[in-house]
Amino acid sequence: MSQQMNGEKKPAKEVLRGVVEQVYQNAWDAKKRGEPIGWSSSKFPAEIAETLGLAVCYPENQAAAIAAKHGGQRMCEHAENLGYANDICGYARISLAYAAEAECEERPMPQPDFLLCCNNICNCMTKWYENIARMRNIPLIMIDVPYNNEVEVSDDTVTYMREQFHDAIKQLEAISGRTWDEKRFEEVCSNANRAAKAWLKACSYCQYTPSPLSGFDLFNHMADIVTARCKPETALAFEQLADEFEEAVKNGTSTWKYKEEHRIMFEGIPCWPVLKTLFTPLKEHGINTTAVVYAPAFGFVYNNLDELMKAYCKAPNSVCLETGVEWRETICRENNVNGVLVHYNRSCKPWSGYMPEMERRFRTDLGVPVVGFDGDQADPRNFSEAQYITRVEGLYEVMEANKQQEGGV
Amino acid sequence: MELKYTMGIDVGSTASKCVIVKDGKEIAATSLVHAGAGSSGPAKAIKEVLEKAGLQEADLSYILATGYGRHQLPIARSQMSELSCHAKGAYELFPDVRTVIDIGGQDAKVLRISAGGNLDNFVMNDKCAAGTGRFLEVMARILEVDISQMAEFSRQSAKRVDISSTCTVFAESEVISQLAGGSDKCDILKGIHRSVAGRVSGLVRRVGVVNTVVMTGGVAQNSGVREALEEELKTTIVTSPLAQYTGALGAALFAYQKCIKEGNMDVTANER
C-alpha cells in the first residue's frame, strides 16, 4: 500500500483508515468475482480465513460505523420490527437488520456466504450468528470458547480449541474449494504478531504525561486491529502510528488539543452515536482518557499454536473477574490515571454485569474515584446526555479536590 | 466590614431552590418554587429569596448554580454539580456526616463524605426513574393522596402490600390492580415506600453504610421512605427541615469560597 500522497507521507490515521476501507473493498471485489465471502465475529481466529485467502467482513465494525454515523436507531428499530427484542445487543440488532437487507448507506458491505462465529467476545454472538445463518440459509462455522473461571487457560481448553480450529479449517476448505497451506499460515501468524506488537506499542504511548494522544483515538484506530489484524499493511500502519507518537513525545505535541489536568480510564465500549457528546465535557474539564481496556484487548502476541489458542480464549467477556481486574488495574497504574469513568452499556450485559464489583475493586486497589453512567454502544435511545454530564462533572470535582489536597494545584 | 452575600440556586427537574448565605456562615433567606428546569421556577425562586432577604441582585457577591438546570441560568457566575453541592450542604448541616442519600425528582444519589467534609465517592441511579421522587409523585396521583400525606397514610398500615414492579409504569398498573382488588390504600403506600427504599438501598450498599447517614432532597421530607430505608439498611438516618435546600446551601457556600479565592467580592454576577 502506498503511504505517499503528492510526494508527502500520509499521516498514520489516514493510512489506517485506508487499510479498513481496503478490507471492505476486498470483500466487494471477491463477491464480484463470485468468491464466497464471510462475516466474522471480531475475535474469531482471523488467521484461518486469511491463510485461505478468503475475504471477510466484520459486522461489529460495521455496526459501530453505522452507529457513529447516526444510523443505529433506524437499524435497531428495523430489527425490532422484525421481532427482535429491544434489549438485545445494539450491534446484533443493526447486523440482523442489515442481514435482512434493511436500507443502509452508512457502511455497506456485501451479504455473507458463510459465517465465522467465536463466542469469546460475547454469548449473544452465538444466537446473533445462528439467526443470520438461518435468515440467509448459509453455513455457520462456530468456535466455542469456554468461559475462563480461572486465570490460566487449562490444557483441556487448549485441546478443545485446537480441535475446533482444525475443524473450522476443514469446513472452510469445503466451502471455498481452497487448500490449507501451512507455510502461508506461518506468514499470516507472523503478520498478525507484528501488527499486534505495533498496536500495543502505539497504545503504550498513553503512559506518557502529558500523553501524545487521547484514548479516544484508539477507539478509532482499533478498527484496523479488528478487521485487518493479519495483514502486513496493518502492521506497517501501526508502526508508523507508534513512530508518530514517539515523535510527538519528543516534540511535546499531542492529538489531545486541550489541557491535561486529569487522566482517566474509560471503561467499556464507547457510545458511538454520541461520541462528540461523550468527548465534550471531558475536554471542557481537561480530562484526557489515557487508558482504555477495549482497544488493547485486541492486541495479543503468540509464539506457537497452543499460545494462539490461549490468546483467543482471552477476550474481555471470556475471562474471570480476577483477570479482568488485573488487566484494567495494570493499565490504570501504567498510564497514571486519577479517575475511572465506567460505561454501563445496555447492549452488553456480560460486560456491564460485573462492573459494580470492578468499580469497588478500582476504588479500593487504586484509590481513585470511579463513576458510572448508563448508555449504549449503538442505540442512542439508551443514553441521557444530562445524566452523563452530571456524572462527568461530579468525577471532575472529586478529582480536582483530590488534586488540591495532594498539593498538585 | 461590609457583609458579603452569596447565593446558591439548585434548579432541579421538579423544583427550584435558592439559599442566600451571609458571610459564608449564616442563612439569610431561602425560597422554593415547585417548578424546575425549563420553567419560570428559577426566576420566581430568585425573586422570592431576594425579597425575603431584603436584597437586590446587585447586592450578591456571587451566584452559583447547581442541579439539572444549572447550565441554563445566565445569572449564575459558575456551576457545580449537585453531587458536590449536596455534599457541602450536608456537611454544613451535619458535620459528622459520612453518607448522604439524596432522592430528587428524577435521580437518586448516594455520596461518601470524608471526615473533612470532602466528596470522596458517589453512585447514582441508572436511567430508570424507579426509586426517585417522580416515582412517588406518580403513585400519589393514582392513590389520590397529596404527596405530603404519603408518610402519614403509610404509618396507618396494618399489613404492607408489596409492589414488586421496578418500572414506574408497571408499578402504576400494579397499584391500580391492588386498588381494584380492594387492598387498603395505607398498605399500598407502605409497599411503595418499601419499593423506593429497596431500590435506593442497593445504591447505598455500593457506597457502603457509614454513619452518620443523612438524607437530603425533597423525598427526605417523606418519613415513610426514610423509615423504610432505616429498616432496610438497619441504621438511623437523620435529616433536616432544610433537606430540600441542601444542594442550594452547598452552592451558596461554594459561591462564598470562590469569592474569597478570587478576592473579588463586590462585582455583580452579571458583569463577570
# chains A, B, ... in the order shown; residues from 1 in each chain; ligands from 1
>>> interface_residues(of="chain B", to="chain A", cutoff="9 Å", atoms="only C-alpha atoms", output="MDAnalysis selection string")
chainID B and resid 67:68 80:84 107 118:127 206:207
>>> select_by_dssp(residues="stretch 161-207 of chain A", states="alpha helix (DSSP H)", output="MDAnalysis selection string")
chainID A and resid 161:176 182:204
>>> write_last_selection(atoms="N, CA and C atoms", output="mmCIF file, in the first residue's frame")
data_model
loop_
_atom_site.group_PDB
_atom_site.id
_atom_site.type_symbol
_atom_site.label_atom_id
_atom_site.label_comp_id
_atom_site.auth_asym_id
_atom_site.auth_seq_id
_atom_site.Cartn_x
_atom_site.Cartn_y
_atom_site.Cartn_z
ATOM 1 N N MET A 161 -10.000 -26.189 21.872
ATOM 2 C CA MET A 161 -9.883 -25.092 20.902
ATOM 3 C C MET A 161 -9.177 -25.568 19.628
ATOM 4 N N ARG A 162 -8.090 -26.326 19.824
ATOM 5 C CA ARG A 162 -7.288 -26.749 18.671
ATOM 6 C C ARG A 162 -8.110 -27.635 17.732
ATOM 7 N N GLU A 163 -8.902 -28.527 18.351
ATOM 8 C CA GLU A 163 -9.749 -29.412 17.538
ATOM 9 C C GLU A 163 -10.757 -28.589 16.733
ATOM 10 N N GLN A 164 -11.331 -27.598 17.383
ATOM 11 C CA GLN A 164 -12.311 -26.754 16.681
ATOM 12 C C GLN A 164 -11.633 -25.940 15.582
ATOM 13 N N PHE A 165 -10.424 -25.491 15.873
ATOM 14 C CA PHE A 165 -9.642 -24.707 14.919
ATOM 15 C C PHE A 165 -9.424 -25.535 13.639
ATOM 16 N N HIS A 166 -9.003 -26.790 13.829
ATOM 17 C CA HIS A 166 -8.755 -27.653 12.667
ATOM 18 C C HIS A 166 -10.057 -27.987 11.936
ATOM 19 N N ASP A 167 -11.121 -28.148 12.711
ATOM 20 C CA ASP A 167 -12.415 -28.443 12.090
ATOM 21 C C ASP A 167 -12.893 -27.242 11.262
ATOM 22 N N ALA A 168 -12.651 -26.041 11.784
ATOM 23 C CA ALA A 168 -13.045 -24.823 11.056
ATOM 24 C C ALA A 168 -12.293 -24.745 9.723
ATOM 25 N N ILE A 169 -11.010 -25.135 9.755
ATOM 26 C CA ILE A 169 -10.214 -25.126 8.512
ATOM 27 C C ILE A 169 -10.843 -26.064 7.484
ATOM 28 N N LYS A 170 -11.189 -27.281 7.944
ATOM 29 C CA LYS A 170 -11.787 -28.263 7.024
ATOM 30 C C LYS A 170 -13.088 -27.735 6.434
ATOM 31 N N GLN A 171 -13.896 -27.150 7.288
ATOM 32 C CA GLN A 171 -15.191 -26.633 6.802
ATOM 33 C C GLN A 171 -14.977 -25.528 5.765
ATOM 34 N N LEU A 172 -14.013 -24.652 6.048
ATOM 35 C CA LEU A 172 -13.770 -23.546 5.106
ATOM 36 C C LEU A 172 -13.141 -24.040 3.804
ATOM 37 N N GLU A 173 -12.322 -25.076 3.907
ATOM 38 C CA GLU A 173 -11.760 -25.676 2.674
ATOM 39 C C GLU A 173 -12.903 -26.202 1.805
ATOM 40 N N ALA A 174 -13.874 -26.833 2.465
ATOM 41 C CA ALA A 174 -15.008 -27.403 1.712
ATOM 42 C C ALA A 174 -15.860 -26.291 1.089
ATOM 43 N N ILE A 175 -16.064 -25.223 1.845
ATOM 44 C CA ILE A 175 -16.894 -24.121 1.340
ATOM 45 C C ILE A 175 -16.214 -23.415 0.163
ATOM 46 N N SER A 176 -14.898 -23.200 0.298
ATOM 47 C CA SER A 176 -14.198 -22.361 -0.684
ATOM 48 C C SER A 176 -13.526 -23.166 -1.792
ATOM 49 N N GLU A 182 0.358 -24.585 5.018
ATOM 50 C CA GLU A 182 0.985 -24.367 6.329
ATOM 51 C C GLU A 182 1.991 -23.217 6.298
ATOM 52 N N LYS A 183 2.716 -23.126 5.161
ATOM 53 C CA LYS A 183 3.725 -22.067 5.055
ATOM 54 C C LYS A 183 3.050 -20.678 5.058
ATOM 55 N N ARG A 184 1.955 -20.593 4.320
ATOM 56 C CA ARG A 184 1.203 -19.335 4.278
ATOM 57 C C ARG A 184 0.650 -19.005 5.676
ATOM 58 N N PHE A 185 0.195 -20.038 6.377
ATOM 59 C CA PHE A 185 -0.318 -19.839 7.738
ATOM 60 C C PHE A 185 0.760 -19.213 8.622
ATOM 61 N N GLU A 186 1.996 -19.702 8.486
ATOM 62 C CA GLU A 186 3.091 -19.150 9.292
ATOM 63 C C GLU A 186 3.316 -17.670 8.972
ATOM 64 N N GLU A 187 3.235 -17.350 7.679
ATOM 65 C CA GLU A 187 3.387 -15.935 7.270
ATOM 66 C C GLU A 187 2.287 -15.070 7.883
ATOM 67 N N VAL A 188 1.067 -15.597 7.814
ATOM 68 C CA VAL A 188 -0.087 -14.858 8.337
ATOM 69 C C VAL A 188 0.074 -14.620 9.842
ATOM 70 N N CYS A 189 0.503 -15.674 10.561
ATOM 71 C CA CYS A 189 0.707 -15.542 12.012
ATOM 72 C C CYS A 189 1.786 -14.499 12.297
ATOM 73 N N SER A 190 2.818 -14.532 11.470
ATOM 74 C CA SER A 190 3.898 -13.568 11.656
ATOM 75 C C SER A 190 3.385 -12.133 11.457
ATOM 76 N N ASN A 191 2.561 -11.944 10.418
ATOM 77 C CA ASN A 191 1.963 -10.621 10.183
ATOM 78 C C ASN A 191 1.084 -10.196 11.357
ATOM 79 N N ALA A 192 0.280 -11.148 11.855
ATOM 80 C CA ALA A 192 -0.645 -10.838 12.958
ATOM 81 C C ALA A 192 0.132 -10.432 14.204
ATOM 82 N N ASN A 193 1.202 -11.156 14.476
ATOM 83 C CA ASN A 193 2.011 -10.828 15.654
ATOM 84 C C ASN A 193 2.683 -9.468 15.503
ATOM 85 N N ARG A 194 3.147 -9.205 14.306
ATOM 86 C CA ARG A 194 3.813 -7.912 14.070
ATOM 87 C C ARG A 194 2.807 -6.769 14.259
ATOM 88 N N ALA A 195 1.602 -6.961 13.701
ATOM 89 C CA ALA A 195 0.571 -5.922 13.844
ATOM 90 C C ALA A 195 0.187 -5.743 15.308
ATOM 91 N N ALA A 196 0.053 -6.863 16.028
ATOM 92 C CA ALA A 196 -0.340 -6.790 17.444
ATOM 93 C C ALA A 196 0.723 -6.063 18.258
ATOM 94 N N LYS A 197 1.975 -6.387 17.998
ATOM 95 C CA LYS A 197 3.061 -5.726 18.744
ATOM 96 C C LYS A 197 3.058 -4.224 18.478
ATOM 97 N N ALA A 198 2.887 -3.868 17.209
ATOM 98 C CA ALA A 198 2.892 -2.442 16.858
ATOM 99 C C ALA A 198 1.684 -1.734 17.469
ATOM 100 N N TRP A 199 0.538 -2.418 17.473
ATOM 101 C CA TRP A 199 -0.678 -1.840 18.067
ATOM 102 C C TRP A 199 -0.474 -1.616 19.570
ATOM 103 N N LEU A 200 0.052 -2.629 20.249
ATOM 104 C CA LEU A 200 0.274 -2.494 21.694
ATOM 105 C C LEU A 200 1.299 -1.399 21.981
ATOM 106 N N LYS A 201 2.285 -1.293 21.098
ATOM 107 C CA LYS A 201 3.285 -0.233 21.290
ATOM 108 C C LYS A 201 2.616 1.142 21.154
ATOM 109 N N ALA A 202 1.775 1.271 20.113
ATOM 110 C CA ALA A 202 1.086 2.556 19.912
ATOM 111 C C ALA A 202 0.212 2.879 21.128
ATOM 112 N N CYS A 203 -0.516 1.873 21.628
ATOM 113 C CA CYS A 203 -1.372 2.084 22.810
ATOM 114 C C CYS A 203 -0.540 2.498 24.024
ATOM 115 N N SER A 204 0.685 1.991 24.104
ATOM 116 C CA SER A 204 1.501 2.230 25.301
ATOM 117 C C SER A 204 1.928 3.692 25.442
#
>>> atom_distance(atom1="atom CA of B:Ala220", atom2="atom CA of B:Tyr245")
10.9 Å
>>> residues_around(residues="A:Glu35", least_positions_apart="4", cutoff="10 Å", atoms="only C-alpha atoms", output="VMD selection string")
chain A and resid 27 to 31 54 to 55 113 176
